[in-house]
Amino acid sequence: MSDLVFGSASGYLALYARLVVGATLLFAGLAKSKHIGDFAITIQEFRVLPIRFAGRAAAIIVATEIVFGCLLLLGLFTQLAAIGGALLFTILTIAIGVNLARHNVVRCNCFGPYFSQRINARTVMRNLVLLGLCVSALLFFDGAFALDSMIGISSTVHHYSLPLVILPIGVFVLGLLVVLTTKRLFMTPTHEA
């Protein structure tokens, strides 16, 4: 009986996680797609890629957000989309963390012109919550309200491969905690745009 209740609760958590992450990714991708040039400029300002790759990186990130968002909302190839979302949030959070450590406090442009703000510790925390939701969707996905179960796509991620996904995320989170404990990260920049 307790397995049935736990299974049900974890299934609801996975459903909630995939819907929240899917909607967030889809909204972010669509918002940035209307202003892709501005997003390319933001990528240049982050100074983690050579300038010549900023336009391509912007297009790849936007397309990835839209595709993963749609897949998670539909529940199609759900676990692969959750892994992709987790990797995307990991990469974006590393870029934000590097810039915070450099005191390069640029505009996030995470949602295009909407909710425009400069990167800060809250931006990192938001991404970590979304990363955690991706992991929840991956681990607890049971096929509820998903096209995967309707068209017969079985679980694509086997339990023995989960450490390969969770280990890099754990290493990243530990590294990020080290960065967050430094005093410089919480200093308020004095320059405004």
# chains A, B, ... in the order shown; residues from 1 in each chain; ligands from 1
call {"tool": "residues_around", "arguments": {"residues": "Leu147 (chain A)", "least_positions_apart": "5", "cutoff": "8 Å", "atoms": "only C-alpha atoms", "output": "NGL selection string"}}
result
:A and (74-76)
call {"tool": "residues_around", "arguments": {"residues": "Phe141 (chain A)", "least_positions_apart": "2", "cutoff": "12 Å", "atoms": "only C-alpha atoms", "output": "VMD selection string"}}
result
chain A and resid 7 to 19 72 75 to 82 133 to 139 143 to 146 148 to 149 154 to 158
call {"tool": "atom_distance", "arguments": {"atom1": "CA of Ile151 (chain A)", "atom2": "CA of Val62 (chain A)"}}
result
27.7 Å
call {"tool": "atom_distance", "arguments": {"atom1": "CA of Leu130 (chain A)", "atom2": "CA of Phe111 (chain A)"}}
result
14.2 Å
call {"tool": "atom_distance", "arguments": {"atom1": "CA of Leu30 (chain A)", "atom2": "CA of Glu65 (chain A)"}}
result
8.4 Å
call {"tool": "closest_residue", "arguments": {"among": "A:Pro50, A:Ile66, A:Pro113, A:Gln44", "to": "Leu26 (chain A)", "atoms": "only C-alpha atoms"}}
result
A:Ile66
call {"tool": "residues_around", "arguments": {"residues": "Val124 (chain A)", "least_positions_apart": "4", "cutoff": "7 Å", "atoms": "only C-alpha atoms", "output": "list in words"}}
result
Thr93, Asn120 and Leu128 of chain A
call {"tool": "residues_around", "arguments": {"residues": "Ile91 (chain A)", "least_positions_apart": "3", "cutoff": "12 Å", "atoms": "only C-alpha atoms", "output": "list of chain:residue names"}}
result
A:Val48, A:Ile61, A:Gly84, A:Gly85, A:Ala86, A:Leu87, A:Leu88, A:Ile94, A:Ala95, A:Ile96, A:Gly97, A:Val98, A:Val124, A:Asn127, A:Leu128, A:Leu131, A:Pro168, A:Ile169, A:Phe172, A:Val173
call {"tool": "write_last_selection", "arguments": {"atoms": "N, CA, C and O atoms", "output": "mmCIF file, in the first residue's frame"}}
result
data_model
loop_
_atom_site.group_PDB
_atom_site.id
_atom_site.type_symbol
_atom_site.label_atom_id
_atom_site.label_comp_id
_atom_site.auth_asym_id
_atom_site.auth_seq_id
_atom_site.Cartn_x
_atom_site.Cartn_y
_atom_site.Cartn_z
ATOM 1 N N VAL A 48 32.085 33.930 -22.631
ATOM 2 C CA VAL A 48 32.490 32.540 -22.426
ATOM 3 C C VAL A 48 32.728 31.827 -23.752
ATOM 4 O O VAL A 48 33.278 30.727 -23.767
ATOM 5 N N ILE A 61 20.681 27.571 -28.569
ATOM 6 C CA ILE A 61 20.035 27.605 -27.253
ATOM 7 C C ILE A 61 18.529 27.803 -27.396
ATOM 8 O O ILE A 61 17.735 27.095 -26.770
ATOM 9 N N GLY A 84 18.311 16.406 -21.286
ATOM 10 C CA GLY A 84 18.730 17.567 -22.079
ATOM 11 C C GLY A 84 18.497 18.868 -21.342
ATOM 12 O O GLY A 84 19.352 19.762 -21.353
ATOM 13 N N GLY A 85 17.346 18.989 -20.684
ATOM 14 C CA GLY A 85 17.057 20.193 -19.899
ATOM 15 C C GLY A 85 18.035 20.363 -18.756
ATOM 16 O O GLY A 85 18.514 21.465 -18.488
ATOM 17 N N ALA A 86 18.360 19.246 -18.076
ATOM 18 C CA ALA A 86 19.322 19.312 -16.969
ATOM 19 C C ALA A 86 20.689 19.769 -17.463
ATOM 20 O O ALA A 86 21.340 20.614 -16.833
ATOM 21 N N LEU A 87 21.115 19.252 -18.590
ATOM 22 C CA LEU A 87 22.415 19.665 -19.137
ATOM 23 C C LEU A 87 22.388 21.132 -19.568
ATOM 24 O O LEU A 87 23.346 21.872 -19.342
ATOM 25 N N LEU A 88 21.285 21.554 -20.172
ATOM 26 C CA LEU A 88 21.155 22.950 -20.587
ATOM 27 C C LEU A 88 21.226 23.888 -19.382
ATOM 28 O O LEU A 88 21.968 24.871 -19.395
ATOM 29 N N ILE A 94 26.583 27.478 -15.190
ATOM 30 C CA ILE A 94 28.038 27.630 -15.140
ATOM 31 C C ILE A 94 28.436 28.962 -15.757
ATOM 32 O O ILE A 94 29.262 29.700 -15.206
ATOM 33 N N ALA A 95 27.840 29.302 -16.906
ATOM 34 C CA ALA A 95 28.156 30.583 -17.565
ATOM 35 C C ALA A 95 27.804 31.759 -16.653
ATOM 36 O O ALA A 95 28.565 32.727 -16.547
ATOM 37 N N ILE A 96 26.672 31.669 -15.976
ATOM 38 C CA ILE A 96 26.267 32.735 -15.055
ATOM 39 C C ILE A 96 27.232 32.798 -13.869
ATOM 40 O O ILE A 96 27.686 33.873 -13.468
ATOM 41 N N GLY A 97 27.581 31.634 -13.313
ATOM 42 C CA GLY A 97 28.499 31.593 -12.177
ATOM 43 C C GLY A 97 29.869 32.148 -12.514
ATOM 44 O O GLY A 97 30.462 32.885 -11.724
ATOM 45 N N VAL A 98 30.371 31.824 -13.700
ATOM 46 C CA VAL A 98 31.669 32.346 -14.133
ATOM 47 C C VAL A 98 31.620 33.865 -14.198
ATOM 48 O O VAL A 98 32.537 34.561 -13.758
ATOM 49 N N VAL A 124 21.049 32.175 -10.255
ATOM 50 C CA VAL A 124 21.667 30.870 -10.043
ATOM 51 C C VAL A 124 20.695 29.946 -9.326
ATOM 52 O O VAL A 124 20.511 28.786 -9.722
ATOM 53 N N ASN A 127 17.909 28.674 -11.585
ATOM 54 C CA ASN A 127 18.380 27.610 -12.465
ATOM 55 C C ASN A 127 18.587 26.302 -11.721
ATOM 56 O O ASN A 127 18.325 25.228 -12.262
ATOM 57 N N LEU A 128 19.067 26.382 -10.473
ATOM 58 C CA LEU A 128 19.250 25.160 -9.692
ATOM 59 C C LEU A 128 17.917 24.498 -9.364
ATOM 60 O O LEU A 128 17.813 23.265 -9.371
ATOM 61 N N LEU A 131 16.892 22.847 -12.522
ATOM 62 C CA LEU A 131 17.737 21.668 -12.688
ATOM 63 C C LEU A 131 17.221 20.528 -11.809
ATOM 64 O O LEU A 131 17.118 19.377 -12.252
ATOM 65 N N PRO A 168 27.678 14.234 -12.787
ATOM 66 C CA PRO A 168 28.124 15.571 -13.200
ATOM 67 C C PRO A 168 27.308 16.684 -12.566
ATOM 68 O O PRO A 168 27.844 17.742 -12.244
ATOM 69 N N ILE A 169 26.019 16.444 -12.371
ATOM 70 C CA ILE A 169 25.176 17.458 -11.743
ATOM 71 C C ILE A 169 25.618 17.662 -10.295
ATOM 72 O O ILE A 169 25.730 18.785 -9.820
ATOM 73 N N PHE A 172 28.808 19.607 -10.223
ATOM 74 C CA PHE A 172 28.513 21.010 -10.518
ATOM 75 C C PHE A 172 27.933 21.719 -9.299
ATOM 76 O O PHE A 172 28.343 22.824 -8.961
ATOM 77 N N VAL A 173 26.977 21.089 -8.625
ATOM 78 C CA VAL A 173 26.344 21.720 -7.463
ATOM 79 C C VAL A 173 27.377 21.958 -6.359
ATOM 80 O O VAL A 173 27.389 23.026 -5.738
#
call {"tool": "select_by_dssp", "arguments": {"residues": "region 10-86 of chain A", "states": "alpha helix (DSSP H)", "output": "ChimeraX atom specification"}}
result
/A:10-33,36-46,54-74,78-86
call {"tool": "decode", "arguments": {"residues": "region 34-107 of chain A", "atoms": "C-alpha atoms", "output": "tab-separated table (two decimals), in the first residue's frame"}}
result
chain	number	residue	atom	x	y	z
A	34	LYS	CA	11.55	37.18	-31.32
A	35	HIS	CA	14.72	39.05	-30.29
A	36	ILE	CA	17.47	36.60	-31.30
A	37	GLY	CA	19.91	39.42	-32.13
A	38	ASP	CA	19.61	40.83	-28.62
A	39	PHE	CA	20.23	37.37	-27.19
A	40	ALA	CA	23.34	36.97	-29.36
A	41	ILE	CA	24.63	40.26	-27.93
A	42	THR	CA	23.98	38.94	-24.41
A	43	ILE	CA	26.01	35.83	-25.22
A	44	GLN	CA	28.85	38.08	-26.40
A	45	GLU	CA	28.67	40.04	-23.14
A	46	PHE	CA	28.96	36.80	-21.15
A	47	ARG	CA	32.46	36.34	-22.65
A	48	VAL	CA	32.49	32.54	-22.43
A	49	LEU	CA	32.53	31.90	-26.19
A	50	PRO	CA	34.40	33.54	-29.03
A	51	ILE	CA	32.35	36.43	-30.42
A	52	ARG	CA	32.00	34.80	-33.84
A	53	PHE	CA	30.03	31.91	-32.28
A	54	ALA	CA	27.49	34.09	-30.43
A	55	GLY	CA	24.88	34.07	-33.21
A	56	ARG	CA	25.04	30.32	-33.67
A	57	ALA	CA	25.03	29.70	-29.93
A	58	ALA	CA	21.95	31.93	-29.54
A	59	ALA	CA	20.11	29.99	-32.27
A	60	ILE	CA	21.10	26.62	-30.77
A	61	ILE	CA	20.04	27.60	-27.25
A	62	VAL	CA	16.69	29.00	-28.43
A	63	ALA	CA	15.94	25.95	-30.60
A	64	THR	CA	16.95	23.61	-27.79
A	65	GLU	CA	14.70	25.39	-25.29
A	66	ILE	CA	11.72	25.24	-27.66
A	67	VAL	CA	12.25	21.57	-28.56
A	68	PHE	CA	12.84	20.39	-24.98
A	69	GLY	CA	9.95	22.54	-23.73
A	70	CYS	CA	7.53	21.00	-26.23
A	71	LEU	CA	8.76	17.46	-25.54
A	72	LEU	CA	8.36	17.88	-21.78
A	73	LEU	CA	4.90	19.44	-22.07
A	74	LEU	CA	3.72	16.65	-24.38
A	75	GLY	CA	5.48	13.93	-22.41
A	76	LEU	CA	7.25	12.70	-25.53
A	77	PHE	CA	10.75	11.23	-25.09
A	78	THR	CA	10.32	12.67	-21.61
A	79	GLN	CA	13.36	11.27	-19.90
A	80	LEU	CA	15.71	12.23	-22.72
A	81	ALA	CA	14.21	15.74	-22.72
A	82	ALA	CA	14.69	15.91	-18.93
A	83	ILE	CA	18.37	14.95	-19.35
A	84	GLY	CA	18.73	17.57	-22.08
A	85	GLY	CA	17.06	20.19	-19.90
A	86	ALA	CA	19.32	19.31	-16.97
A	87	LEU	CA	22.41	19.67	-19.14
A	88	LEU	CA	21.15	22.95	-20.59
A	89	PHE	CA	20.49	24.42	-17.13
A	90	THR	CA	23.90	23.17	-15.97
A	91	ILE	CA	25.71	24.86	-18.85
A	92	LEU	CA	23.77	28.12	-18.48
A	93	THR	CA	24.31	28.19	-14.72
A	94	ILE	CA	28.04	27.63	-15.14
A	95	ALA	CA	28.16	30.58	-17.57
A	96	ILE	CA	26.27	32.74	-15.06
A	97	GLY	CA	28.50	31.59	-12.18
A	98	VAL	CA	31.67	32.35	-14.13
A	99	ASN	CA	30.43	35.86	-14.87
A	100	LEU	CA	29.40	36.48	-11.27
A	101	ALA	CA	32.86	35.39	-10.14
A	102	ARG	CA	34.37	37.82	-12.68
A	103	HIS	CA	32.03	40.62	-11.49
A	104	ASN	CA	30.72	40.84	-15.05
A	105	VAL	CA	27.12	41.48	-14.03
A	106	VAL	CA	25.31	41.56	-17.38
A	107	ARG	CA	21.63	41.35	-18.21
